[in-house]
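J.: Structure: my_file.cif, mmCIF, C-alpha atoms.
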```cif
data_data
#
loop_
_atom_site.label_atom_id
_atom_site.label_comp_id
_atom_site.auth_asym_id
_atom_site.auth_seq_id
_atom_site.Cartn_x
_atom_site.Cartn_y
_atom_site.Cartn_z
CA MET S 1 0.00 0.00 0.00
CA LYS S 2 2.84 2.38 0.96
CA THR S 3 4.55 1.53 -2.30
CA THR S 4 1.39 2.42 -4.24
CA ILE S 5 1.07 5.78 -2.44
CA TYR S 6 4.77 6.46 -3.04
CA LEU S 7 4.50 5.70 -6.76
CA PHE S 8 1.35 7.82 -7.05
CA THR S 9 3.13 10.76 -5.37
CA ILE S 10 6.09 10.46 -7.76
CA LEU S 11 3.72 10.48 -10.74
CA LEU S 12 1.99 13.61 -9.44
CA VAL S 13 5.32 15.40 -9.00
CA LEU S 14 6.50 14.41 -12.49
CA ASN S 15 3.22 15.58 -14.05
CA ALA S 16 3.43 18.85 -12.14
CA CYS S 17 6.98 19.47 -13.44
CA LYS S 18 5.93 18.62 -16.97
CA GLY S 19 2.97 21.04 -16.71
CA LYS S 20 5.23 23.85 -15.50
CA LYS S 21 7.61 23.29 -18.42
CA GLU S 22 4.73 23.42 -20.92
CA VAL S 23 3.33 26.62 -19.36
CA ALA S 24 6.80 28.18 -19.44
CA ALA S 25 7.17 27.15 -23.05
CA GLN S 26 3.72 28.59 -23.90
CA GLU S 27 4.51 31.84 -22.10
CA GLY S 28 7.89 32.13 -23.80
CA LYS S 29 6.60 31.64 -27.36
CA PRO S 30 4.50 34.81 -27.72
CA LYS S 31 7.35 36.92 -26.40
CA ILE S 32 9.69 35.59 -29.04
CA GLU S 33 7.06 36.02 -31.79
CA THR S 34 6.16 39.54 -30.61
CA ALA S 35 9.80 40.61 -30.60
CA ALA S 36 10.23 39.23 -34.11
CA LYS S 37 7.09 41.04 -35.27
CA GLU S 38 8.27 44.35 -33.80
CA ILE S 39 11.55 44.03 -35.69
CA THR S 40 9.68 43.28 -38.88
CA ASP S 41 7.36 46.28 -38.42
CA ALA S 42 10.30 48.58 -37.66
CA GLU S 43 12.13 47.38 -40.75
CA ARG S 44 9.02 47.82 -42.87
CA GLU S 45 8.49 51.35 -41.53
CA ALA S 46 12.10 52.26 -42.35
CA GLU S 47 11.62 50.86 -45.85
CA ILE S 48 8.47 52.96 -46.42
CA VAL S 49 10.19 56.12 -45.17
CA GLU S 50 13.08 55.48 -47.55
CA GLN S 51 10.69 54.98 -50.46
CA MET S 52 8.93 58.25 -49.65
CA LYS S 53 12.27 60.07 -49.69
CA ASN S 54 13.05 58.77 -53.16
CA GLU S 55 9.53 59.10 -54.54
CA LYS S 56 8.82 62.18 -56.67
CA LEU S 57 5.83 64.06 -55.31
CA PRO S 58 3.11 65.19 -57.72
CA ASN S 59 3.87 68.48 -59.46
CA GLU S 60 0.82 69.72 -61.35
CA GLY S 61 2.71 72.72 -62.71
CA GLU S 62 5.00 70.49 -64.77
CA ASP S 63 2.03 68.50 -66.07
CA TYR S 64 0.19 71.67 -67.18
CA TYR S 65 3.30 73.05 -68.85
CA GLU S 66 3.91 69.87 -70.85
CA MET S 67 0.22 69.67 -71.81
CA VAL S 68 0.12 73.25 -73.17
CA GLU S 69 3.42 72.94 -75.01
CA LYS S 70 2.11 69.81 -76.71
CA GLU S 71 -1.52 70.80 -77.38
CA ILE S 72 -1.58 74.54 -78.14
CA PRO S 73 -2.44 75.12 -81.83
CA ALA S 74 0.45 76.17 -84.07
CA ASP S 75 -1.40 79.32 -85.17
CA ALA S 76 -2.29 80.43 -81.63
CA VAL S 77 -0.51 83.67 -80.67
CA ALA S 78 -1.90 84.14 -77.16
CA ARG S 79 -3.75 82.07 -74.61
CA ILE S 80 -4.85 82.26 -71.00
CA GLN S 81 -6.33 79.32 -69.16
CA ARG S 82 -7.64 79.05 -65.62
CA THR S 83 -8.08 75.62 -64.05
CA ALA S 84 -10.31 74.09 -61.41
CA CYS S 85 -9.98 73.93 -57.65
CA PHE S 86 -12.21 72.29 -55.01
CA GLY S 87 -14.11 75.58 -54.59
CA ARG S 88 -15.79 77.98 -57.01
CA CYS S 89 -12.76 78.87 -59.15
CA PRO S 90 -13.61 80.10 -62.68
CA ILE S 91 -12.58 77.58 -65.34
CA TYR S 92 -12.05 78.85 -68.87
CA THR S 93 -9.66 79.07 -71.82
CA LEU S 94 -9.23 82.11 -74.08
CA THR S 95 -7.17 81.61 -77.25
CA VAL S 96 -6.25 84.23 -79.87
CA TYR S 97 -5.14 83.14 -83.35
CA GLU S 98 -2.91 84.73 -86.00
CA ASP S 99 -5.88 85.78 -88.13
CA GLY S 100 -7.39 87.82 -85.26
CA ARG S 101 -9.99 85.24 -84.33
CA ALA S 102 -10.47 84.61 -80.63
CA GLU S 103 -12.16 81.65 -78.96
CA TYR S 104 -13.40 81.57 -75.41
CA PHE S 105 -14.53 78.35 -73.79
CA GLY S 106 -16.04 78.80 -70.33
CA LYS S 107 -16.92 76.04 -67.92
CA ASN S 108 -17.97 76.20 -64.28
CA PHE S 109 -18.03 79.59 -62.52
CA ALA S 110 -16.61 81.39 -65.59
CA PRO S 111 -17.81 84.91 -66.50
CA ARG S 112 -19.50 83.31 -69.52
CA GLU S 113 -20.12 79.61 -70.08
CA GLY S 114 -19.94 77.63 -73.30
CA MET S 115 -18.15 78.49 -76.54
CA TRP S 116 -17.80 82.12 -77.65
CA ILE S 117 -16.00 83.71 -80.59
CA ALA S 118 -14.80 87.22 -81.40
CA ASP S 119 -12.60 89.20 -83.77
CA VAL S 120 -9.79 91.15 -82.13
CA THR S 121 -7.80 93.97 -83.63
CA PRO S 122 -4.02 93.96 -84.12
CA GLU S 123 -3.93 96.97 -81.77
CA LEU S 124 -5.38 94.86 -78.96
CA MET S 125 -2.71 92.22 -79.41
CA GLU S 126 -0.06 94.94 -79.57
CA GLN S 127 -1.22 96.26 -76.17
CA LEU S 128 -0.88 92.77 -74.72
CA LEU S 129 2.67 92.39 -76.07
CA ILE S 130 3.68 95.87 -74.83
CA PHE S 131 2.48 94.99 -71.33
CA ALA S 132 4.26 91.62 -71.52
CA ASN S 133 7.52 93.37 -72.38
CA GLU S 134 7.02 95.89 -69.58
CA ILE S 135 6.82 93.18 -66.94
CA GLU S 136 9.55 91.12 -68.67
CA TYR S 137 7.18 88.24 -69.27
CA PHE S 138 9.62 86.45 -71.56
CA GLU S 139 12.27 86.34 -68.81
CA LEU S 140 9.94 84.73 -66.24
CA GLU S 141 10.33 81.12 -65.08
CA ASN S 142 8.22 78.61 -67.00
CA ILE S 143 6.65 77.14 -63.85
CA TYR S 144 5.74 78.58 -60.47
CA ASP S 145 4.64 75.72 -58.25
CA LYS S 146 5.38 73.78 -55.10
CA GLU S 147 5.25 70.01 -54.80
CA ALA S 148 2.39 68.50 -52.83
CA VAL S 149 0.43 71.78 -52.57
CA THR S 150 -3.22 70.88 -53.15
CA ASP S 151 -6.52 72.61 -53.88
CA VAL S 152 -5.11 75.61 -55.72
CA PRO S 153 -6.14 76.70 -59.23
CA SER S 154 -3.57 77.36 -61.93
CA THR S 155 -3.39 80.16 -64.46
CA ILE S 156 -1.50 79.24 -67.62
CA SER S 157 -0.57 81.97 -70.07
CA SER S 158 1.14 81.66 -73.44
CA LEU S 159 2.48 84.16 -75.99
CA ARG S 160 3.98 83.34 -79.37
CA THR S 161 6.41 85.72 -81.06
CA VAL S 162 8.99 85.34 -83.82
CA GLN S 163 11.30 83.96 -81.11
CA GLY S 164 8.86 81.13 -80.39
CA LEU S 165 6.29 80.13 -77.79
CA LYS S 166 6.57 81.21 -74.15
CA THR S 167 4.31 79.49 -71.61
CA VAL S 168 4.17 80.33 -67.92
CA VAL S 169 2.29 78.21 -65.38
CA ASN S 170 1.25 80.09 -62.26
CA ARG S 171 0.10 77.54 -59.71
CA PHE S 172 1.79 78.69 -56.51
CA ASP S 173 3.97 81.58 -55.33
CA ALA S 174 4.31 83.45 -58.63
CA PRO S 175 5.73 87.00 -58.74
CA GLU S 176 3.41 90.01 -58.62
CA GLU S 177 4.37 90.97 -62.19
CA LEU S 178 2.92 87.72 -63.54
CA ARG S 179 -0.33 88.14 -61.62
CA ARG S 180 -0.63 91.67 -63.00
CA PHE S 181 -0.12 90.35 -66.54
CA GLU S 182 -2.82 87.69 -66.08
CA GLN S 183 -5.26 90.27 -64.76
CA TYR S 184 -4.43 92.63 -67.65
CA PHE S 185 -4.98 89.80 -70.16
CA ASP S 186 -8.46 89.16 -68.75
CA GLU S 187 -9.36 92.86 -68.58
CA LEU S 188 -8.16 93.54 -72.12
CA PHE S 189 -10.50 90.93 -73.59
CA LYS S 190 -13.44 91.47 -71.24
CA ASP S 191 -15.15 94.10 -73.42
CA VAL S 192 -14.53 92.40 -76.74
CA GLU S 193 -17.78 91.70 -78.59
CA TRP S 194 -18.19 88.01 -77.86
CA LEU S 195 -20.73 86.07 -79.93
CA SER S 196 -22.18 82.84 -78.72
CA ASN S 197 -21.09 79.83 -80.73
CA GLN S 198 -23.04 77.13 -78.90
CA ARG S 199 -23.12 73.82 -80.72
CA ASP S 200 -26.42 71.91 -80.86
#
```
Now, as a test, write the supplied structure out as structure tokens.
T.:
Amino acid sequence: MKTTIYLFTILLVLNACKGKKEVAAQEGKPKIETAAKEITDAEREAEIVEQMKNEKLPNEGEDYYEMVEKEIPADAVARIQRTACFGRCPIYTLTVYEDGRAEYFGKNFAPREGMWIADVTPELMEQLLIFANEIEYFELENIYDKEAVTDVPSTISSLRTVQGLKTVVNRFDAPEELRRFEQYFDELFKDVEWLSNQRD
């Protein structure tokens, strides 16, 4: 009987030791896995930060400049275009051609909407070029912008002379002279006799 009790006690002690080892092993595992996961997350975060450093941020000014240089008609001598923003910014394009014809296409919030046409005099174009020379338009940078600036409209102006086409994109932080030129451009053509050219 004593032998049986003795053997039973030994079995209980052995089972208890085995249970403690298993609990210790179970408790130890998550710690090892958690530490490994933290290292992985830290490495991944460092990788993302490095990618962001090397990644070129969006620059809408460059996109607008390339678009105008590629798409402006060969016989266009002057153009001003205002683009959208998230608010009520006027959106329109006014283009003047060599033959004196002008086209105005207004979209949302523009002074006039739809397609409009007009004839402009050589004197009007001469006034625009005189003002451009006064503010040294042809010496301005091609693009005024800042990467990652959002929700701002752009004003894109173009003039063609015998020297070629000059396009200036004003999206952010342009000089006062350029803003004056853009305002003058709009004012100069505001009172032109525009005729509606709506297409059915």
J.: Which residue, S:Asn170, S:Asn133, S:Thr95, S:Asn142, has the smallest gap to Ala118 (chain S) when you use only C-alpha atoms?
T.: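 Residue with the minimum atom-to-atom distance to Ala118 (chain S): S:Thr95.
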J.: Kindly resolve the PyMOL selection byres ((chain S and resi 105) around 7) on the present coordinates and return the residues as a PyMOL selection string.
T.: chain S and resi 92-94+103-104+106-107+113-116
J.: To one decimal place in Å, what is the distance between CA of Asp99 (chain S) and CA of Phe131 (chain S)?
T.: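 Calculated distance between CA of Asp99 (chain S) and CA of Phe131 (chain S) is 20.9 Å.
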J.: Could you state the separation of CA of Met67 (chain S) and CA of Leu178 (chain S) in Å, given to one decimal place?
T.: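 Between CA of Met67 (chain S) and CA of Leu178 (chain S) the gap is 20.0 Å.
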J.: Rounded to one decimal place, report the CA of Gln183 (chain S)-CA of Lys70 (chain S) distance in Å.
T.: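 CA of Gln183 (chain S) sits 24.8 Å away from CA of Lys70 (chain S).
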J.: Return the single residue from S:Val152, S:Cys89, S:Ile80, S:Ile130 that is closest to Glu182 (chain S), with distances computed using all atoms listed in the file.
T.: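 Going through S:Val152, S:Cys89, S:Ile80, S:Ile130 one by one, the smallest distance to Glu182 (chain S) is for S:Ile80.
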J.: Determine the residue membership of the PyMOL selection byres ((chain S and resi 185) around 12) for the file above and supply it as number ranges by chain.
T.: S: 78-82, 93-96, 124-132, 155-159, 178-184, 186-192
J.: Counting all atoms listed in the file, figure out which residue out of S:Leu140, S:Glu62, S:Tyr97, S:Leu195 gets nearest to Ala74 (chain S).
T.: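 Closest residue, counting all atoms listed in the file: S:Tyr97.
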J.: Which of these residues is nearest to Arg88 (chain S), using all atoms listed in the file: S:Gly61, S:Pro111, S:Gly100, S:Pro122?
T.: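 With all atoms listed in the file as the atom set, the closest residue is S:Pro111.
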J.: Would you please work out which residue, of S:Ala110, S:Ala76, S:Ala102, S:Ile143, is nearest to Val168 (chain S) when using only C-alpha atoms?
T.: S:Ile143
J.: Would you mind telling me which residue in S:Ile135, S:Ile117, S:Leu165, S:Cys85 lies nearest to Glu69 (chain S) when using all atoms listed in the file?
T.: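 Of S:Ile135, S:Ile117, S:Leu165, S:Cys85, the one nearest Glu69 (chain S) is S:Leu165, counting all atoms listed in the file.
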